[in-house]
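Chemist: So here's entry30.json, just JSON, C-alpha atoms and all ligand atoms:
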[["chain", "number", "residue", "atom", "x", "y", "z"],
["A", 1, "MET", "CA", -28.64, -28.96, -2.20],
["A", 2, "ILE", "CA", -29.23, -29.68, -5.90],
["A", 3, "PRO", "CA", -30.12, -33.33, -6.66],
["A", 4, "LYS", "CA", -27.63, -34.87, -9.14],
["A", 5, "SER", "CA", -30.58, -36.23, -11.11],
["A", 6, "HIS", "CA", -31.81, -32.71, -11.92],
["A", 7, "PRO", "CA", -31.62, -32.21, -15.73],
["A", 8, "ARG", "CA", -29.96, -28.81, -15.22],
["A", 9, "TYR", "CA", -27.63, -30.02, -12.44],
["A", 10, "HIS", "CA", -24.36, -28.64, -13.88],
["A", 11, "SER", "CA", -25.84, -25.27, -14.70],
["A", 12, "LEU", "CA", -27.48, -24.96, -11.26],
["A", 13, "LEU", "CA", -24.21, -25.94, -9.58],
["A", 14, "GLN", "CA", -22.46, -23.05, -11.32],
["A", 15, "ARG", "CA", -25.18, -20.68, -10.13],
["A", 16, "GLU", "CA", -24.68, -21.95, -6.60],
["A", 17, "LYS", "CA", -20.92, -21.34, -6.82],
["A", 18, "ILE", "CA", -21.51, -17.79, -8.04],
["A", 19, "ILE", "CA", -24.03, -17.06, -5.26],
["A", 20, "GLU", "CA", -21.71, -18.58, -2.68],
["A", 21, "GLY", "CA", -18.94, -16.37, -4.11],
["A", 22, "LEU", "CA", -21.18, -13.33, -3.73],
["A", 23, "ASN", "CA", -21.91, -14.22, -0.11],
["A", 24, "LYS", "CA", -18.18, -14.62, 0.59],
["A", 25, "GLY", "CA", -17.43, -11.21, -0.93],
["A", 26, "ILE", "CA", -15.56, -12.70, -3.92],
["A", 27, "VAL", "CA", -18.10, -12.14, -6.71],
["A", 28, "SER", "CA", -19.53, -8.69, -7.55],
["A", 29, "GLN", "CA", -23.28, -8.19, -7.89],
["A", 30, "SER", "CA", -22.77, -7.73, -11.61],
["A", 31, "GLY", "CA", -21.12, -11.13, -11.60],
["A", 32, "LEU", "CA", -24.58, -12.66, -11.26],
["A", 33, "ILE", "CA", -25.68, -10.93, -14.44],
["A", 34, "ALA", "CA", -22.51, -11.95, -16.28],
["A", 35, "GLN", "CA", -23.13, -15.57, -15.32],
["A", 36, "GLY", "CA", -26.66, -15.31, -16.75],
["A", 37, "ARG", "CA", -25.30, -14.04, -20.05],
["A", 38, "GLY", "CA", -22.73, -16.81, -20.13],
["A", 39, "GLU", "CA", -25.41, -19.42, -19.38],
["A", 40, "ALA", "CA", -27.53, -18.20, -22.28],
["A", 41, "PHE", "CA", -24.62, -18.58, -24.73],
["A", 42, "ASP", "CA", -23.69, -21.94, -23.26],
["A", 43, "TYR", "CA", -27.28, -23.07, -23.83],
["A", 44, "ILE", "CA", -27.20, -22.23, -27.51],
["A", 45, "LEU", "CA", -23.81, -23.88, -27.88],
["A", 46, "GLY", "CA", -25.28, -27.15, -26.59],
["A", 47, "GLU", "CA", -23.35, -26.91, -23.26],
["A", 48, "LYS", "CA", -20.36, -28.84, -24.55],
["A", 49, "THR", "CA", -16.77, -28.24, -25.61],
["A", 50, "HIS", "CA", -16.70, -28.01, -29.40],
["A", 51, "GLU", "CA", -13.76, -28.84, -31.65],
["A", 52, "PHE", "CA", -13.06, -25.12, -32.22],
["A", 53, "ALA", "CA", -12.79, -24.58, -28.45],
["A", 54, "LEU", "CA", -10.37, -27.48, -28.03],
["A", 55, "LYS", "CA", -8.19, -26.06, -30.82],
["A", 56, "ALA", "CA", -8.15, -22.67, -29.06],
["A", 57, "GLU", "CA", -7.41, -24.32, -25.70],
["A", 58, "LYS", "CA", -4.44, -26.14, -27.24],
["A", 59, "ALA", "CA", -3.10, -22.96, -28.89],
["A", 60, "ALA", "CA", -3.59, -21.07, -25.60],
["A", 61, "VAL", "CA", -1.55, -23.62, -23.66],
["A", 62, "ALA", "CA", 1.18, -23.53, -26.34],
["A", 63, "ALA", "CA", 1.29, -19.71, -26.14],
["A", 64, "LEU", "CA", 1.47, -19.74, -22.35],
["A", 65, "LEU", "CA", 4.27, -22.34, -22.41],
["A", 66, "LEU", "CA", 6.21, -20.26, -24.94],
["A", 67, "ALA", "CA", 5.77, -17.01, -22.98],
["A", 68, "LYS", "CA", 8.53, -15.44, -20.91],
["A", 69, "HIS", "CA", 6.13, -13.87, -18.40],
["A", 70, "PRO", "CA", 2.78, -15.70, -18.60],
["A", 71, "VAL", "CA", 0.05, -14.37, -16.27],
["A", 72, "ILE", "CA", -3.39, -15.72, -15.45],
["A", 73, "SER", "CA", -5.69, -12.83, -14.55],
["A", 74, "VAL", "CA", -8.45, -13.79, -12.11],
["A", 75, "ASN", "CA", -11.63, -11.85, -11.37],
["A", 76, "GLY", "CA", -14.52, -12.63, -9.02],
["A", 77, "ASN", "CA", -16.44, -14.97, -11.34],
["A", 78, "ALA", "CA", -13.33, -16.83, -12.48],
["A", 79, "ALA", "CA", -12.26, -17.39, -8.86],
["A", 80, "ALA", "CA", -15.68, -18.66, -7.81],
["A", 81, "LEU", "CA", -16.17, -20.96, -10.80],
["A", 82, "ALA", "CA", -12.66, -22.28, -11.39],
["A", 83, "GLY", "CA", -10.27, -20.87, -8.75],
["A", 84, "LYS", "CA", -8.76, -24.21, -7.80],
["A", 85, "GLU", "CA", -8.29, -25.30, -11.42],
["A", 86, "LEU", "CA", -6.78, -21.94, -12.47],
["A", 87, "CYS", "CA", -4.19, -22.30, -9.68],
["A", 88, "GLU", "CA", -3.41, -25.85, -10.79],
["A", 89, "LEU", "CA", -3.01, -24.69, -14.39],
["A", 90, "ALA", "CA", -0.68, -21.86, -13.29],
["A", 91, "LYS", "CA", 1.53, -24.35, -11.46],
["A", 92, "ILE", "CA", 1.87, -26.65, -14.47],
["A", 93, "LEU", "CA", 2.57, -23.73, -16.80],
["A", 94, "ASP", "CA", 4.81, -21.93, -14.35],
["A", 95, "ALA", "CA", 2.59, -18.87, -14.80],
["A", 96, "LYS", "CA", 1.75, -16.14, -12.29],
["A", 97, "VAL", "CA", -1.76, -15.70, -10.92],
["A", 98, "GLU", "CA", -2.92, -12.11, -10.47],
["A", 99, "VAL", "CA", -6.18, -10.78, -9.08],
["A", 100, "ASN", "CA", -7.60, -8.11, -11.38],
["A", 101, "ILE", "CA", -11.18, -6.90, -11.09],
["A", 102, "PHE", "CA", -13.52, -4.52, -12.88],
["A", 103, "TYR", "CA", -15.68, -3.55, -9.88],
["A", 104, "PHE", "CA", -12.76, -2.54, -7.73],
["A", 105, "THR", "CA", -12.62, -2.61, -3.94],
["A", 106, "LYS", "CA", -9.46, -3.34, -2.02],
["A", 107, "GLU", "CA", -11.50, -5.61, 0.24],
["A", 108, "ARG", "CA", -12.65, -7.82, -2.64],
["A", 109, "ILE", "CA", -9.10, -7.98, -4.02],
["A", 110, "GLU", "CA", -7.98, -9.32, -0.63],
["A", 111, "ARG", "CA", -10.89, -11.77, -0.38],
["A", 112, "ILE", "CA", -10.11, -13.25, -3.81],
["A", 113, "LYS", "CA", -6.39, -13.40, -2.98],
["A", 114, "GLU", "CA", -7.05, -15.21, 0.31],
["A", 115, "TYR", "CA", -9.45, -17.59, -1.41],
["A", 116, "LEU", "CA", -6.93, -18.52, -4.13],
["A", 117, "GLU", "CA", -4.12, -18.93, -1.62],
["A", 118, "LYS", "CA", -6.05, -21.83, -0.13],
["A", 119, "PHE", "CA", -5.10, -23.76, -3.26],
["A", 120, "ASP", "CA", -1.43, -23.51, -2.43],
["A", 121, "CYS", "CA", -0.88, -20.75, -4.95],
["A", 122, "GLU", "CA", 1.23, -17.60, -4.87],
["A", 123, "VAL", "CA", -1.14, -14.78, -5.78],
["A", 124, "LEU", "CA", -0.15, -11.33, -6.98],
["A", 125, "ALA", "CA", -2.44, -8.50, -5.90],
["A", 126, "ALA", "CA", -0.22, -5.55, -4.98],
["A", 127, "CYS", "CA", -2.21, -3.06, -7.08],
["A", 128, "ASP", "CA", 0.97, -0.97, -7.29],
["A", 129, "ALA", "CA", 1.02, -0.18, -11.02],
["A", 130, "GLU", "CA", -1.30, 1.11, -13.76],
["A", 131, "LEU", "CA", -1.93, 0.10, -17.34],
["A", 132, "LYS", "CA", -1.77, 3.41, -19.19],
["A", 133, "GLY", "CA", -4.69, 4.21, -21.50],
["A", 134, "LEU", "CA", -7.39, 2.45, -19.51],
["A", 135, "GLU", "CA", -9.93, 4.31, -17.37],
["A", 136, "SER", "CA", -11.63, 1.39, -15.62],
["A", 137, "ALA", "CA", -10.27, -0.11, -12.40],
["A", 138, "ARG", "CA", -8.86, -2.96, -14.44],
["A", 139, "ARG", "CA", -5.95, -0.55, -15.10],
["A", 140, "ILE", "CA", -4.76, -1.26, -11.52],
["A", 141, "VAL", "CA", -2.27, -4.11, -11.79],
["A", 142, "ASP", "CA", 0.72, -5.67, -10.05],
["A", 143, "SER", "CA", 4.16, -4.50, -11.18],
["A", 144, "ARG", "CA", 5.42, -8.12, -11.00],
["A", 145, "GLY", "CA", 2.49, -9.51, -13.00],
["A", 146, "ILE", "CA", 0.28, -8.11, -15.75],
["A", 147, "LEU", "CA", 2.44, -4.97, -16.11],
["A", 148, "ILE", "CA", 5.44, -6.97, -17.33],
["A", 149, "ALA", "CA", 3.55, -9.95, -18.79],
["A", 150, "ASP", "CA", 3.99, -10.88, -22.44],
["A", 151, "THR", "CA", 1.00, -13.27, -22.50],
["A", 152, "VAL", "CA", -2.14, -12.90, -20.39],
["A", 153, "LEU", "CA", -5.01, -15.33, -19.95],
["A", 154, "VAL", "CA", -8.14, -13.30, -19.26],
["A", 155, "PRO", "CA", -11.23, -15.35, -18.42],
["A", 156, "LEU", "CA", -14.56, -13.47, -18.49],
["A", 157, "GLU", "CA", -13.10, -10.18, -19.55],
["A", 158, "ASP", "CA", -14.36, -6.79, -20.70],
["A", 159, "GLY", "CA", -13.40, -5.58, -24.14],
["A", 160, "ASP", "CA", -11.69, -2.36, -23.05],
["A", 161, "ARG", "CA", -8.91, -4.02, -21.13],
["A", 162, "CYS", "CA", -8.38, -6.58, -23.83],
["A", 163, "GLU", "CA", -7.78, -3.72, -26.27],
["A", 164, "ILE", "CA", -5.34, -1.96, -23.94],
["A", 165, "LEU", "CA", -3.44, -5.15, -23.13],
["A", 166, "LYS", "CA", -2.93, -5.58, -26.86],
["A", 167, "LYS", "CA", -1.83, -1.95, -27.24],
["A", 168, "HIS", "CA", 0.78, -2.66, -24.56],
["A", 169, "GLY", "CA", 2.11, -5.41, -26.83],
["A", 170, "LYS", "CA", 0.77, -8.37, -24.88],
["A", 171, "LYS", "CA", -0.70, -11.53, -26.36],
["A", 172, "VAL", "CA", -4.25, -11.93, -25.03],
["A", 173, "ILE", "CA", -6.06, -15.22, -24.53],
["A", 174, "ALA", "CA", -9.76, -14.86, -23.67],
["A", 175, "ILE", "CA", -12.23, -17.39, -22.31],
["A", 176, "ASP", "CA", -15.66, -16.10, -23.29],
["A", 177, "LEU", "CA", -18.82, -17.98, -24.15],
["A", 178, "ASN", "CA", -20.00, -15.05, -26.25],
["A", 179, "PRO", "CA", -18.13, -15.14, -29.59],
["A", 180, "LEU", "CA", -19.71, -11.81, -30.51],
["A", 181, "SER", "CA", -18.27, -9.87, -27.57],
["A", 182, "ARG", "CA", -15.60, -7.22, -28.13],
["A", 183, "THR", "CA", -13.22, -9.27, -26.02],
["A", 184, "ALA", "CA", -13.77, -12.37, -28.12],
["A", 185, "ARG", "CA", -13.15, -10.44, -31.31],
["A", 186, "MET", "CA", -10.10, -8.55, -29.99],
["A", 187, "ALA", "CA", -8.21, -11.42, -28.36],
["A", 188, "ASP", "CA", -5.36, -13.25, -30.12],
["A", 189, "ILE", "CA", -6.79, -16.58, -28.99],
["A", 190, "THR", "CA", -10.47, -16.87, -28.08],
["A", 191, "ILE", "CA", -11.72, -19.88, -26.18],
["A", 192, "VAL", "CA", -15.48, -20.03, -26.75],
["A", 193, "ASP", "CA", -16.23, -22.45, -23.94],
["A", 194, "ASN", "CA", -17.46, -22.42, -20.37],
["A", 195, "ILE", "CA", -14.61, -21.71, -17.96],
["A", 196, "VAL", "CA", -15.65, -24.77, -15.94],
["A", 197, "ARG", "CA", -14.89, -26.99, -18.95],
["A", 198, "ALA", "CA", -12.09, -24.93, -20.54],
["A", 199, "VAL", "CA", -9.70, -24.86, -17.60],
["A", 200, "PRO", "CA", -9.76, -28.64, -16.85],
["A", 201, "ASN", "CA", -9.19, -29.24, -20.58],
["A", 202, "MET", "CA", -6.25, -26.83, -20.49],
["A", 203, "ILE", "CA", -4.77, -28.64, -17.47],
["A", 204, "GLU", "CA", -4.73, -31.91, -19.43],
["A", 205, "LEU", "CA", -3.30, -30.18, -22.51],
["A", 206, "ALA", "CA", -0.63, -28.46, -20.42],
["A", 207, "LYS", "CA", 0.52, -31.81, -19.00],
["A", 208, "GLU", "CA", 0.74, -33.16, -22.54],
["A", 209, "LEU", "CA", 2.40, -30.15, -24.20],
["A", 210, "LYS", "CA", 4.90, -29.45, -21.44],
["A", 211, "GLY", "CA", 7.16, -32.14, -22.86],
["A", 212, "LYS", "CA", 7.20, -30.60, -26.37],
["A", 213, "ASN", "CA", 10.06, -28.46, -27.62],
["A", 214, "ARG", "CA", 9.67, -24.80, -28.64],
["A", 215, "ASN", "CA", 9.53, -25.62, -32.37],
["A", 216, "GLU", "CA", 6.58, -27.95, -31.84],
["A", 217, "LEU", "CA", 4.76, -25.36, -29.72],
["A", 218, "GLU", "CA", 5.46, -22.64, -32.31],
["A", 219, "GLN", "CA", 4.07, -24.93, -34.99],
["A", 220, "ILE", "CA", 0.78, -25.23, -33.07],
["A", 221, "LEU", "CA", 0.54, -21.43, -32.99],
["A", 222, "ALA", "CA", 1.51, -21.06, -36.65],
["A", 223, "GLU", "CA", -1.37, -23.34, -37.66],
["A", 224, "TYR", "CA", -3.88, -21.53, -35.45],
["A", 225, "ASP", "CA", -6.34, -19.04, -37.00],
["A", 226, "ASN", "CA", -8.49, -17.14, -34.48],
["A", 227, "LYS", "CA", -10.80, -15.68, -37.14],
["A", 228, "LYS", "CA", -11.65, -19.20, -38.28],
["A", 229, "ILE", "CA", -12.30, -20.24, -34.67],
["A", 230, "LEU", "CA", -14.69, -17.31, -34.14],
["A", 231, "HIS", "CA", -16.39, -18.07, -37.44],
["A", 232, "ASP", "CA", -16.80, -21.74, -36.53],
["A", 233, "SER", "CA", -18.26, -20.91, -33.12],
["A", 234, "ILE", "CA", -20.90, -18.61, -34.61],
["A", 235, "VAL", "CA", -21.75, -21.25, -37.22],
["A", 236, "ALA", "CA", -22.08, -23.85, -34.43],
["A", 237, "ILE", "CA", -24.67, -21.64, -32.70],
["A", 238, "ARG", "CA", -26.54, -21.17, -35.99],
["A", 239, "ASP", "CA", -26.52, -24.93, -36.70],
["A", 240, "TYR", "CA", -27.63, -25.81, -33.18],
["A", 241, "LEU", "CA", -30.55, -23.38, -33.41],
["A", 242, "SER", "CA", -31.54, -24.70, -36.88],
["A", 243, "GLU", "CA", -31.49, -28.25, -35.56],
["A", 244, "MET", "CA", -33.64, -27.32, -32.58],
["A", 245, "ALA", "CA", -36.07, -25.45, -34.84],
["A", 246, "SER", "CA", -36.45, -28.55, -37.04],
["A", 247, "LYS", "CA", -36.94, -30.81, -34.02],
["A", 248, "ILE", "CA", -39.80, -28.60, -32.80],
["A", 249, "LEU", "CA", -41.67, -29.27, -36.06],
["A", 250, "GLN", "CA", -41.05, -33.02, -35.81],
["A", 251, "THR", "CA", -42.51, -33.40, -32.30],
["A", 301, "LIG", "O1", -15.00, -9.54, -10.56],
["A", 301, "LIG", "P1", -15.08, -8.35, -11.48],
["A", 301, "LIG", "O2", -15.30, -7.05, -10.74],
["A", 301, "LIG", "O3", -13.88, -8.23, -12.37],
["A", 301, "LIG", "O4", -16.32, -8.55, -12.45],
["A", 301, "LIG", "C1", -16.39, -9.67, -13.29],
["A", 301, "LIG", "C2", -17.48, -9.52, -14.38],
["A", 301, "LIG", "C3", -17.59, -10.85, -15.10],
["A", 301, "LIG", "C4", -18.79, -9.17, -13.69],
["A", 301, "LIG", "C5", -17.06, -8.39, -15.34],
["A", 301, "LIG", "O5", -15.83, -8.68, -15.92],
["A", 301, "LIG", "C6", -18.10, -8.15, -16.40],
["A", 301, "LIG", "O6", -19.02, -7.36, -16.26],
["A", 301, "LIG", "O7", -17.92, -8.90, -17.49],
["A", 301, "LIG", "P2", -18.92, -8.84, -18.77],
["A", 301, "LIG", "O8", -18.67, -7.59, -19.54],
["A", 301, "LIG", "O9", -20.31, -9.18, -18.34],
["A", 301, "LIG", "O10", -18.35, -10.01, -19.63],
["A", 301, "LIG", "C7", -18.30, -11.31, -19.16],
["A", 301, "LIG", "C8", -18.28, -12.25, -20.36],
["A", 301, "LIG", "O11", -18.03, -13.54, -19.86],
["A", 301, "LIG", "C9", -19.61, -12.31, -21.13],
["A", 301, "LIG", "O12", -19.36, -12.21, -22.51],
["A", 301, "LIG", "C10", -20.19, -13.68, -20.79],
["A", 301, "LIG", "O13", -20.85, -14.27, -21.88],
["A", 301, "LIG", "C11", -18.94, -14.46, -20.44],
["A", 301, "LIG", "N1", -19.18, -15.51, -19.45],
["A", 301, "LIG", "C12", -20.01, -15.48, -18.38],
["A", 301, "LIG", "N2", -19.96, -16.63, -17.69],
["A", 301, "LIG", "C13", -19.06, -17.41, -18.32],
["A", 301, "LIG", "C14", -18.55, -16.70, -19.45],
["A", 301, "LIG", "N3", -17.63, -17.22, -20.27],
["A", 301, "LIG", "C15", -17.15, -18.45, -19.98],
["A", 301, "LIG", "N4", -17.59, -19.19, -18.93],
["A", 301, "LIG", "C16", -18.53, -18.71, -18.09],
["A", 301, "LIG", "N5", -18.95, -19.44, -17.05]]
Can the structure in the file be given as structure tokens, please?
Modeler:
Amino acid sequence: MIPKSHPRYHSLLQREKIIEGLNKGIVSQSGLIAQGRGEAFDYILGEKTHEFALKAEKAAVAALLLAKHPVISVNGNAAALAGKELCELAKILDAKVEVNIFYFTKERIERIKEYLEKFDCEVLAACDAELKGLESARRIVDSRGILIADTVLVPLEDGDRCEILKKHGKKVIAIDLNPLSRTARMADITIVDNIVRAVPNMIELAKELKGKNRNELEQILAEYDNKKILHDSIVAIRDYLSEMASKILQT
């Protein structure tokens, strides 16, 4: 039990969720390492949602609302950290939820599916189709989901699949705290934010944008520039580090 007064409460809570996910057979062992990398980037971003992330979250929601076949791809870490919220988002957006993992075992696919179904969510996990051009297990998809999707939300992704999804003509939205990753640089919309903050923000935005017409949603996308967002996120890290370096000298 982590005391709420602990200065690193939120970060420790995420660790606990990931470890719990590992014990339940939802998270892969590598998921622990991925969380550590994410934490490090979150630290140097000041552990908050920046303006550039909110802009990307808004554009992502607009793209998912405009899509014909929107799919939210869920892996072990995403399920453990934000499973409930991802299901809620899917419902508001009328998007499909599909389990897709890098460290593939049929057992883990089933565990994640069962876990997500607890949130009153229909979960695709048939593993009955393949994304051509990809060697990793992420190629194994559901014929009713990612295979036919036009827009895919991929939280905590690896760069290879992002590239292949794009080659298959899909719009890719990534949630990745590392703006330097291949995924972040390849995606159409990159949300440089922690999934535990990004998805609740997207739920609120989805409620708000659902009432807009297609022209208004298209306008949001037309004004969105992912290169600028990536640039701004890297600059935010630089500025945060410069500020901390100055503070050290002042104390
Ligand atoms: O469940 P599986 O088998 O699909 O495996 C999932 C992981 C995450 C282990 C797998 O996809 C993997 O190895 O991913 P990578 O290549 O480590 O990339 C994960 C990215 O997510 C890194 O760039 C991290 O910085 C980022 N990340 C980690 N935790 C968070 C995060 N981004 C947002 N929020 C987080 N909490």
Chemist: Using only C-alpha atoms, I'd like a table of the residues in stretch 150-241 of chain A that come within 8 Å of stretch 91-95 of chain A; for each, show the closest atom pair and its distance in Å rounded to one decimal, ordered by chain and ascending number, as a Markdown table.
Modeler:
| residue | atom | partner | partner_atom | distance |
| --- | --- | --- | --- | --- |
| A:Ile203 | CA | A:Ile92 | CA | 7.6 |
| A:Ala206 | CA | A:Ile92 | CA | 6.7 |
| A:Lys207 | CA | A:Ile92 | CA | 7.0 |
| A:Lys210 | CA | A:Leu93 | CA | 7.7 |
Chemist: Would you please work out which residue, of A:Leu54, A:Ile112, A:Leu66, A:Val154, is nearest to A:Val172 when using all atoms listed in the file?
Modeler: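 Checking each candidate against A:Val172, we get A:Val154 as the closest.
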Chemist: Given the choices A:Leu124, A:Ile195, A:Leu180, A:Ile2, which gets closest to A:Gly83 if the distance is worked out from all atoms listed in the file?
Modeler: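 The closest residue to A:Gly83 is A:Ile195.
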Chemist: Quick check, in Å to one decimal: how far apart do atom CA of A:Met186 and atom CA of A:Pro200 lie?
Modeler: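 Going from atom CA of A:Met186 over to atom CA of A:Pro200 covers 24.0 Å.
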Chemist: Counting all atoms listed in the file, which residue out of A:Gly133, A:Pro179, A:Glu117, A:Cys87 sits closest to A:Ala236?
Modeler: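 Residue with the minimum atom-to-atom distance to A:Ala236: A:Pro179.
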Chemist: When you count all atoms listed in the file, which of these residues is closest to A:Asp158: A:Arg185, A:Lys227, A:Lys96, A:His6?
Modeler: A:Arg185
Chemist: Select, from A:Val199, A:Leu156, A:Ile146, A:Leu13, the residue with the minimum atom-to-atom distance to ligand LIG 301 (chain A), counting only C-alpha atoms and all ligand atoms.
Modeler: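 Counting only C-alpha atoms and all ligand atoms, the residue closest to ligand LIG 301 (chain A) is A:Leu156.
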Chemist: Put the listed atoms of stretch 168-177 of chain A in a box along x, y and z with 5 Å added on every side and give me the centre and edge lengths in Å to one decimal, as lines of an AutoDock Vina configuration file.
Modeler:
center_x = -8.4
center_y = -10.3
center_z = -24.6
size_x = 30.9
size_y = 25.3
size_z = 14.5
Chemist: So which residues touch A:Ala184 within 8 Å, counting all atoms listed in the file, skipping near sequence neighbours fewer than 6 positions away, as a PyMOL selection string?
Modeler: chain A and resi 159+174-176+178+190+192+230
Chemist: Would you mind putting back N, CA, C and O atoms on stretch 181-196 of chain A, then writing it out as a PDB file, in the coordinates of the input?
Modeler:
ATOM      1  N   SER A 181     -18.700 -10.947 -28.466  1.00  0.00           N
ATOM      2  CA  SER A 181     -18.270  -9.870 -27.570  1.00  0.00           C
ATOM      3  C   SER A 181     -17.024  -9.182 -28.141  1.00  0.00           C
ATOM      4  O   SER A 181     -16.288  -9.770 -28.944  1.00  0.00           O
ATOM      5  N   ARG A 182     -16.784  -7.953 -27.676  1.00  0.00           N
ATOM      6  CA  ARG A 182     -15.600  -7.220 -28.130  1.00  0.00           C
ATOM      7  C   ARG A 182     -14.332  -7.958 -27.717  1.00  0.00           C
ATOM      8  O   ARG A 182     -13.370  -8.059 -28.473  1.00  0.00           O
ATOM      9  N   THR A 183     -14.381  -8.509 -26.500  1.00  0.00           N
ATOM     10  CA  THR A 183     -13.220  -9.270 -26.020  1.00  0.00           C
ATOM     11  C   THR A 183     -12.910 -10.424 -26.952  1.00  0.00           C
ATOM     12  O   THR A 183     -11.770 -10.619 -27.372  1.00  0.00           O
ATOM     13  N   ALA A 184     -13.964 -11.190 -27.265  1.00  0.00           N
ATOM     14  CA  ALA A 184     -13.770 -12.370 -28.120  1.00  0.00           C
ATOM     15  C   ALA A 184     -13.156 -11.972 -29.452  1.00  0.00           C
ATOM     16  O   ALA A 184     -12.279 -12.663 -29.976  1.00  0.00           O
ATOM     17  N   ARG A 185     -13.622 -10.839 -29.985  1.00  0.00           N
ATOM     18  CA  ARG A 185     -13.150 -10.440 -31.310  1.00  0.00           C
ATOM     19  C   ARG A 185     -11.774  -9.783 -31.270  1.00  0.00           C
ATOM     20  O   ARG A 185     -11.063  -9.740 -32.259  1.00  0.00           O
ATOM     21  N   MET A 186     -11.396  -9.238 -30.087  1.00  0.00           N
ATOM     22  CA  MET A 186     -10.100  -8.550 -29.990  1.00  0.00           C
ATOM     23  C   MET A 186      -8.947  -9.461 -29.590  1.00  0.00           C
ATOM     24  O   MET A 186      -7.788  -9.159 -29.866  1.00  0.00           O
ATOM     25  N   ALA A 187      -9.275 -10.564 -28.914  1.00  0.00           N
ATOM     26  CA  ALA A 187      -8.210 -11.420 -28.360  1.00  0.00           C
ATOM     27  C   ALA A 187      -7.400 -12.088 -29.479  1.00  0.00           C
ATOM     28  O   ALA A 187      -7.879 -12.246 -30.607  1.00  0.00           O
ATOM     29  N   ASP A 188      -6.187 -12.500 -29.157  1.00  0.00           N
ATOM     30  CA  ASP A 188      -5.360 -13.250 -30.120  1.00  0.00           C
ATOM     31  C   ASP A 188      -5.849 -14.690 -30.205  1.00  0.00           C
ATOM     32  O   ASP A 188      -5.817 -15.308 -31.260  1.00  0.00           O
ATOM     33  N   ILE A 189      -6.253 -15.210 -29.045  1.00  0.00           N
ATOM     34  CA  ILE A 189      -6.790 -16.580 -28.990  1.00  0.00           C
ATOM     35  C   ILE A 189      -8.081 -16.505 -28.181  1.00  0.00           C
ATOM     36  O   ILE A 189      -8.077 -16.028 -27.042  1.00  0.00           O
ATOM     37  N   THR A 190      -9.188 -16.948 -28.781  1.00  0.00           N
ATOM     38  CA  THR A 190     -10.470 -16.870 -28.080  1.00  0.00           C
ATOM     39  C   THR A 190     -11.021 -18.262 -27.837  1.00  0.00           C
ATOM     40  O   THR A 190     -11.290 -19.010 -28.780  1.00  0.00           O
ATOM     41  N   ILE A 191     -11.185 -18.571 -26.564  1.00  0.00           N
ATOM     42  CA  ILE A 191     -11.720 -19.880 -26.180  1.00  0.00           C
ATOM     43  C   ILE A 191     -13.221 -19.699 -25.934  1.00  0.00           C
ATOM     44  O   ILE A 191     -13.627 -19.124 -24.919  1.00  0.00           O
ATOM     45  N   VAL A 192     -14.027 -20.152 -26.903  1.00  0.00           N
ATOM     46  CA  VAL A 192     -15.480 -20.030 -26.750  1.00  0.00           C
ATOM     47  C   VAL A 192     -15.964 -21.309 -26.059  1.00  0.00           C
ATOM     48  O   VAL A 192     -16.339 -22.292 -26.695  1.00  0.00           O
ATOM     49  N   ASP A 193     -15.888 -21.276 -24.746  1.00  0.00           N
ATOM     50  CA  ASP A 193     -16.230 -22.450 -23.940  1.00  0.00           C
ATOM     51  C   ASP A 193     -16.512 -21.958 -22.531  1.00  0.00           C
ATOM     52  O   ASP A 193     -16.063 -20.873 -22.136  1.00  0.00           O
ATOM     53  N   ASN A 194     -17.213 -22.786 -21.767  1.00  0.00           N
ATOM     54  CA  ASN A 194     -17.460 -22.420 -20.370  1.00  0.00           C
ATOM     55  C   ASN A 194     -16.158 -22.583 -19.590  1.00  0.00           C
ATOM     56  O   ASN A 194     -15.466 -23.599 -19.747  1.00  0.00           O
ATOM     57  N   ILE A 195     -15.858 -21.630 -18.741  1.00  0.00           N
ATOM     58  CA  ILE A 195     -14.610 -21.710 -17.960  1.00  0.00           C
ATOM     59  C   ILE A 195     -14.532 -23.011 -17.166  1.00  0.00           C
ATOM     60  O   ILE A 195     -13.452 -23.560 -16.987  1.00  0.00           O
ATOM     61  N   VAL A 196     -15.683 -23.537 -16.744  1.00  0.00           N
ATOM     62  CA  VAL A 196     -15.650 -24.770 -15.940  1.00  0.00           C
ATOM     63  C   VAL A 196     -15.253 -25.989 -16.777  1.00  0.00           C
ATOM     64  O   VAL A 196     -14.822 -26.996 -16.232  1.00  0.00           O
TER      65      VAL A 196
END
